[in-house]
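So this block is input38.txt, compact mmCIF, C-alpha atoms:
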```txt
# COMPACT_ATOMS: atom_id res chain seq x y z
CA MET D 1 -3.49 76.39 -10.33
CA THR D 2 -0.64 78.79 -11.12
CA LEU D 3 2.66 77.80 -12.64
CA ALA D 4 5.45 79.36 -10.58
CA VAL D 5 8.37 80.38 -12.78
CA THR D 6 11.60 81.32 -11.03
CA THR D 7 13.75 84.28 -12.09
CA ALA D 8 16.48 81.90 -13.33
CA GLU D 9 13.95 80.09 -15.52
CA LYS D 10 12.74 83.40 -16.97
CA TYR D 11 16.30 84.35 -17.96
CA VAL D 12 17.04 80.92 -19.44
CA PHE D 13 13.87 81.00 -21.54
CA ALA D 14 14.63 84.60 -22.57
CA ALA D 15 18.11 83.53 -23.76
CA TYR D 16 16.75 80.60 -25.79
CA GLY D 17 13.83 82.72 -27.00
CA VAL D 18 16.06 85.50 -28.30
CA VAL D 19 18.11 82.99 -30.32
CA PHE D 20 14.93 81.46 -31.76
CA LEU D 21 13.57 84.92 -32.61
CA VAL D 22 16.75 86.09 -34.34
CA VAL D 23 16.94 82.90 -36.43
CA LEU D 24 13.25 83.29 -37.29
CA VAL D 25 13.73 86.92 -38.40
CA TYR D 26 16.76 85.84 -40.47
CA VAL D 27 14.76 83.09 -42.19
CA LEU D 28 11.96 85.61 -42.84
CA ILE D 29 14.41 88.05 -44.44
CA ILE D 30 15.83 85.25 -46.62
CA ALA D 31 12.27 84.20 -47.61
CA LEU D 32 11.44 87.81 -48.61
CA LYS D 33 14.66 87.98 -50.61
CA LEU D 34 13.84 84.72 -52.39
CA GLY D 35 10.44 86.14 -53.25
CA ARG D 36 12.10 89.21 -54.78
CA LEU D 37 14.51 87.01 -56.78
CA GLU D 38 11.58 84.94 -58.06
CA ARG D 39 9.77 88.12 -59.19
CA GLU D 40 12.93 89.37 -60.95
CA LEU D 41 13.35 86.00 -62.65
CA ASP D 42 9.72 86.09 -63.83
CA GLU D 43 10.29 89.59 -65.17
CA LEU D 44 13.43 88.53 -67.08
CA THR D 45 11.70 85.41 -68.44
CA GLY D 46 8.87 87.66 -69.66
CA THR D 47 11.34 90.02 -71.33
CA VAL D 48 13.08 87.12 -73.14
CA ARG D 49 9.72 85.65 -74.24
CA GLU D 50 8.52 89.01 -75.57
CA ARG D 51 11.76 89.47 -77.53
CA ARG D 52 11.52 86.01 -79.04
CA GLU D 53 7.92 86.63 -80.10
CA ALA D 54 8.89 89.98 -81.60
CA GLU D 55 11.75 88.34 -83.50
CA ALA D 56 9.45 85.60 -84.80
CA GLU D 57 6.98 88.24 -86.00
CA GLN D 58 9.81 90.08 -87.71
CA ARG D 59 10.91 86.90 -89.49
CA LYS D 60 7.38 86.33 -90.75
CA LYS D 61 7.21 89.85 -92.20
CA VAL D 62 10.58 89.68 -94.02
CA PRO D 63 10.13 87.77 -97.33
CA VAL D 64 12.57 84.92 -97.83
CA ALA D 65 14.66 85.42 -101.00
CA MET V 1 13.01 61.65 -49.51
CA GLY V 2 16.43 59.99 -48.99
CA LEU V 3 17.20 60.43 -52.67
CA ARG V 4 16.17 64.07 -52.55
CA LEU V 5 18.50 64.72 -49.62
CA LYS V 6 21.33 63.07 -51.55
CA GLU V 7 20.63 65.25 -54.57
CA ASN V 8 20.39 68.38 -52.45
CA PRO V 9 23.22 68.58 -49.87
CA LEU V 10 21.85 71.86 -48.50
CA ALA V 11 18.54 70.19 -47.59
CA ALA V 12 20.51 67.38 -45.91
CA LEU V 13 22.52 69.96 -43.95
CA ALA V 14 19.31 71.74 -42.89
CA ALA V 15 17.77 68.42 -41.80
CA LEU V 16 20.90 67.59 -39.81
CA ALA V 17 20.80 71.04 -38.17
CA GLY V 18 17.14 70.48 -37.23
CA LEU V 19 17.91 67.07 -35.72
CA LEU V 20 20.90 68.35 -33.76
CA ILE V 21 18.96 71.35 -32.45
CA ALA V 22 16.12 69.08 -31.29
CA ALA V 23 18.64 66.72 -29.66
CA SER V 24 20.48 69.56 -27.92
CA ILE V 25 17.21 71.08 -26.57
CA ALA V 26 16.18 67.66 -25.26
CA LEU V 27 19.59 67.15 -23.62
CA ILE V 28 19.67 70.64 -22.11
CA PHE V 29 16.20 70.54 -20.55
CA PHE V 30 15.63 66.82 -19.85
CA TYR V 31 19.01 65.14 -19.46
CA VAL V 32 21.81 67.30 -18.13
CA PRO V 33 21.85 67.74 -14.33
CA THR V 34 21.35 71.19 -12.81
CA ASP V 35 24.64 72.84 -11.90
CA ALA V 36 25.28 72.76 -8.14
CA ASP V 37 26.86 76.22 -8.14
CA GLN V 38 24.79 78.33 -10.57
CA GLY V 39 21.56 76.36 -10.58
CA PHE V 40 19.09 76.44 -13.50
CA SER V 41 20.60 79.58 -15.07
CA GLN V 42 23.77 77.60 -15.95
CA ARG V 43 21.75 76.09 -18.83
CA ILE V 44 22.44 79.33 -20.74
CA PHE V 45 26.02 78.04 -21.01
CA TYR V 46 24.89 75.35 -23.52
CA ILE V 47 23.67 77.98 -25.96
CA HIS V 48 25.90 80.96 -25.16
CA VAL V 49 29.31 79.26 -25.52
CA PRO V 50 28.48 77.30 -28.74
CA ILE V 51 27.11 80.51 -30.29
CA ALA V 52 30.28 82.42 -29.32
CA LEU V 53 32.51 79.66 -30.75
CA THR V 54 30.41 79.64 -33.95
CA ALA V 55 30.90 83.41 -34.25
CA TYR V 56 34.68 82.95 -33.87
CA ALA V 57 34.63 80.12 -36.44
CA PHE V 58 32.79 82.25 -39.01
CA PHE V 59 34.96 85.30 -38.46
CA GLY V 60 37.95 82.98 -38.97
CA TRP V 61 36.36 81.42 -42.07
CA GLY V 62 35.64 84.88 -43.46
CA ALA V 63 39.27 85.88 -42.90
CA TRP V 64 40.50 82.64 -44.53
CA LYS V 65 38.35 83.26 -47.61
CA ALA V 66 39.60 86.86 -47.72
CA PHE V 67 43.16 85.55 -47.58
CA ARG V 68 42.39 83.12 -50.44
CA HIS V 69 41.02 86.04 -52.43
CA LEU V 70 44.20 88.05 -51.92
CA TRP V 71 46.58 85.14 -52.39
CA LYS V 72 45.07 82.87 -55.05
CA ARG V 73 42.46 85.24 -56.54
CA GLU V 74 39.98 82.42 -55.95
CA PRO V 75 36.72 83.24 -57.78
CA GLY V 76 33.84 83.83 -55.39
CA ALA V 77 36.11 83.99 -52.33
CA ASP V 78 35.21 87.65 -51.72
CA LEU V 79 31.49 86.83 -51.65
CA GLU V 80 32.09 83.82 -49.37
CA SER V 81 34.18 85.98 -47.04
CA TYR V 82 31.40 88.58 -46.91
CA VAL V 83 28.68 86.01 -46.16
CA ALA V 84 30.85 84.30 -43.49
CA ILE V 85 31.48 87.63 -41.76
CA HIS V 86 27.75 88.36 -41.94
CA GLN V 87 27.07 85.05 -40.18
CA GLY V 88 29.78 85.87 -37.65
CA VAL V 89 28.14 89.21 -36.88
CA ILE V 90 24.70 87.58 -36.46
CA PHE V 91 26.11 84.95 -34.09
CA GLY V 92 28.23 87.63 -32.42
CA SER V 93 25.14 89.70 -31.63
CA LEU V 94 23.49 86.56 -30.24
CA THR V 95 26.58 85.95 -28.07
CA LEU V 96 26.28 89.46 -26.63
CA LEU V 97 22.53 89.09 -26.02
CA THR V 98 22.68 85.65 -24.38
CA GLY V 99 25.83 86.66 -22.47
CA SER V 100 24.10 89.76 -21.09
CA LEU V 101 21.14 87.69 -19.91
CA TRP V 102 23.48 85.19 -18.25
CA ALA V 103 25.55 87.99 -16.69
CA LYS V 104 22.43 89.62 -15.24
CA ILE V 105 21.21 86.46 -13.52
CA SER V 106 24.69 85.32 -12.41
CA TRP V 107 26.54 88.55 -11.59
CA GLY V 108 23.65 90.99 -11.23
CA HIS V 109 24.89 93.17 -14.12
CA TRP V 110 23.96 93.26 -17.80
CA TRP V 111 27.53 94.20 -18.71
CA LEU V 112 30.88 94.60 -16.93
CA TRP V 113 33.42 96.92 -18.54
CA SER V 114 36.10 95.53 -16.19
CA GLU V 115 35.87 92.09 -17.86
CA SER V 116 38.43 91.92 -20.66
CA GLN V 117 36.76 88.88 -22.27
CA LEU V 118 33.52 90.83 -22.70
CA VAL V 119 35.16 94.02 -23.89
CA LEU V 120 37.43 92.23 -26.36
CA PHE V 121 34.51 90.30 -27.80
CA LEU V 122 32.66 93.61 -28.20
CA VAL V 123 35.73 95.09 -29.96
CA LEU V 124 35.84 92.07 -32.31
CA PHE V 125 32.10 92.37 -32.97
CA LEU V 126 32.32 96.13 -33.68
CA PHE V 127 35.38 95.61 -35.88
CA TYR V 128 33.52 93.17 -38.09
CA GLY V 129 30.38 95.32 -37.87
CA ALA V 130 32.42 98.16 -39.40
CA TYR V 131 33.35 95.78 -42.26
CA PHE V 132 29.87 96.36 -43.70
CA MET V 133 30.29 100.13 -43.49
CA LEU V 134 33.47 99.79 -45.55
CA ARG V 135 31.86 97.38 -48.03
CA TYR V 136 28.83 99.53 -48.69
CA SER V 137 30.76 102.79 -48.91
CA VAL V 138 32.82 101.62 -51.91
CA GLU V 139 31.56 100.89 -55.43
CA PRO V 140 31.41 97.15 -56.24
CA GLY V 141 34.46 95.87 -58.10
CA PRO V 142 37.98 94.50 -57.61
CA ALA V 143 39.08 97.50 -55.49
CA ARG V 144 36.24 96.93 -53.02
CA ALA V 145 36.96 93.19 -52.90
CA ASN V 146 40.65 93.83 -52.14
CA MET V 147 39.95 96.47 -49.47
CA CYS V 148 37.39 94.26 -47.73
CA ALA V 149 39.73 91.25 -47.88
CA VAL V 150 42.59 93.19 -46.26
CA TYR V 151 40.22 94.44 -43.54
CA ALA V 152 38.90 90.92 -42.88
CA VAL V 153 42.42 89.47 -42.66
CA PHE V 154 43.48 92.14 -40.13
CA GLY V 155 40.48 91.32 -37.96
CA VAL V 156 41.55 87.72 -37.54
CA VAL V 157 44.26 88.88 -35.11
CA LEU V 158 41.52 89.84 -32.66
CA ILE V 159 40.09 86.30 -32.55
CA PRO V 160 42.88 84.59 -30.53
CA ILE V 161 43.27 87.70 -28.37
CA SER V 162 39.55 87.65 -27.56
CA PHE V 163 39.57 83.89 -27.01
CA LEU V 164 42.66 83.90 -24.77
CA ALA V 165 41.80 87.11 -22.89
CA ILE V 166 40.02 85.27 -20.12
CA ARG V 167 43.03 83.00 -19.60
CA LEU V 168 45.47 85.91 -19.55
CA ALA V 169 43.34 88.14 -17.31
CA ASN V 170 43.67 88.12 -13.55
CA GLN V 171 40.00 88.68 -12.85
CA LEU V 172 38.11 85.44 -12.86
CA ILE V 173 34.48 86.53 -12.77
CA HIS V 174 33.94 85.06 -16.22
CA PRO V 175 34.09 81.27 -15.74
CA VAL V 176 36.82 79.14 -17.38
CA VAL V 177 35.66 75.59 -18.09
CA PHE V 178 38.14 74.57 -20.78
CA THR V 179 41.66 74.42 -19.38
CA LEU V 180 44.84 72.59 -20.37
CA GLN V 181 43.62 69.73 -18.15
CA GLY V 182 40.50 69.38 -20.32
CA PRO V 183 36.86 70.35 -19.76
CA GLN V 184 36.09 71.10 -16.10
CA MET V 185 32.61 69.62 -16.08
CA ALA V 186 30.78 66.32 -15.77
CA ALA V 187 30.71 63.93 -18.76
CA SER V 188 26.95 64.47 -19.26
CA MET V 189 27.48 68.24 -19.34
CA PHE V 190 30.34 67.89 -21.83
CA LEU V 191 28.23 65.64 -24.08
CA THR V 192 25.38 68.20 -24.03
CA PHE V 193 27.83 70.97 -24.80
CA CYS V 194 29.32 69.03 -27.75
CA VAL V 195 25.85 68.32 -29.23
CA SER V 196 24.90 72.00 -28.80
CA LEU V 197 28.12 73.11 -30.46
CA ALA V 198 27.55 70.73 -33.38
CA ALA V 199 23.96 72.03 -33.65
CA MET V 200 25.04 75.67 -33.75
CA LEU V 201 27.82 75.03 -36.26
CA THR V 202 25.48 73.06 -38.52
CA LEU V 203 22.76 75.73 -38.23
CA ALA V 204 25.26 78.47 -39.09
CA ALA V 205 26.64 76.42 -42.00
CA THR V 206 23.09 75.96 -43.35
CA LEU V 207 22.32 79.67 -43.07
CA PHE V 208 25.70 80.44 -44.67
CA HIS V 209 24.96 78.25 -47.71
CA VAL V 210 21.38 79.55 -48.06
CA GLU V 211 22.57 83.17 -47.97
CA LEU V 212 25.46 82.42 -50.32
CA ALA V 213 23.11 80.75 -52.83
CA GLY V 214 20.80 83.78 -52.66
CA LYS V 215 23.70 86.18 -53.26
CA ARG V 216 24.98 84.12 -56.20
CA ILE V 217 21.52 84.02 -57.83
CA ASP V 218 21.19 87.76 -57.24
CA SER V 219 24.52 88.44 -58.93
CA ARG V 220 23.67 86.17 -61.91
CA LEU V 221 20.30 87.86 -62.33
CA ARG V 222 22.04 91.23 -62.37
CA GLU V 223 24.40 89.98 -65.08
CA LEU V 224 21.46 88.63 -67.08
CA ARG V 225 19.63 91.93 -66.74
CA GLU V 226 22.70 93.78 -68.04
CA LEU V 227 23.01 91.35 -70.97
CA LEU V 228 19.38 91.85 -71.88
CA ALA V 229 19.46 95.63 -71.52
```
Any chance you could put this one into structure tokens?
Amino acid sequence: MTLAVTTAEKYVFAAYGVVFLVVLVYVLIIALKLGRLERELDELTGTVRERREAEAEQRKKVPVA
Amino acid sequence: MGLRLKENPLAALAALAGLLIAASIALIFFYVPTDADQGFSQRIFYIHVPIALTAYAFFGWGAWKAFRHLWKREPGADLESYVAIHQGVIFGSLTLLTGSLWAKISWGHWWLWSESQLVLFLVLFLFYGAYFMLRYSVEPGPARANMCAVYAVFGVVLIPISFLAIRLANQLIHPVVFTLQGPQMAASMFLTFCVSLAAMLTLAATLFHVELAGKRIDSRLRELRELLA
């Protein structure tokens, strides 16, 4: 059994499909961007943590008067 | 879940967009009658026209935010204007794509240069497309924000011209369904159109807020990086 699709139906599905595809690509781009932001945030959190640890070490070394 | 949606308006907006899109698809393919004149291909109308109106709305919103930036120096208005114009360009490209598909099946042509509505929409689309060329050719700062705002405000003039072109033109290949006498279609068709329009506007508003949030986080991270440097 074959499903006969008319030319009009093909164009209608193409129109709806192109909208779906563009929105999907947009969401994908946003998801990739969010991933990059998360990585940057992790990097900055790491930098702050390292600095705090270094400062704590420094405080230990300096004798309190 | 209800509490989470209350706490997060963006998630609520996204859920509403999803519901409206599902409702509009159901109405378009299972409820609305097939048009006696154009047949099945007329169903492109329910996606093409709401997308075009959404593009106009976001170009207008972008221009309004640009105006607020110039007039009130509203903080963040420049970024909002930029994101709104970005949404307008995305929906504008979708208008051109869906319109071309509809034109091919209805008129036998992908594009007609003789149609002022089509050409003026293309001019509007290219005008706002060039906005990004301007924005990325200037160093970030107040000068760039002002230049972009002036450009965005000028573009708003094209919106009513593009919208009214079909009504002012003599050629009537492009259909006119909204006249001074109201919508020239059956009540079921008008209901489907309204749901589709609400769906597209809500979808665009969701994407606008998601992109805006991303841009704001990006800018704050840049500031934080500079502070830590």
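Of note, atom CA of V:Ser106 and atom CA of V:Pro33 are spaced 17.9 Å apart.
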Residues of chain D within 6 Å of chain V, using only C-alpha atoms, as a PyMOL selection string?
chain D and resi 8+12+15
Suppose you want the space between atom CA of D:Leu41 and atom CA of V:Ser219; what is it in Å?
12.0 Å
Measure the distance from atom CA of D:Leu28 to atom CA of V:Ser137 in Å and round it to one decimal.
26.2 Å
Restricting the calculation to all atoms listed in the file, which member of V:Ala55, V:Ala213, V:Ala66, V:Leu79 is positioned closest to V:Pro140?
V:Leu79
Show me, as a list in words, the residues that have an atom within 12 Å of V:Arg68 when counting only C-alpha atoms, minus same-chain residues fewer than 6 positions from it.
Trp61, Gly62, Glu74, Pro75, Gly76, Ala77, Asp78, Leu79, Glu80, Ser81, Ala145, Asn146, Ala149, Val150, Ala152 and Val153 of chain V
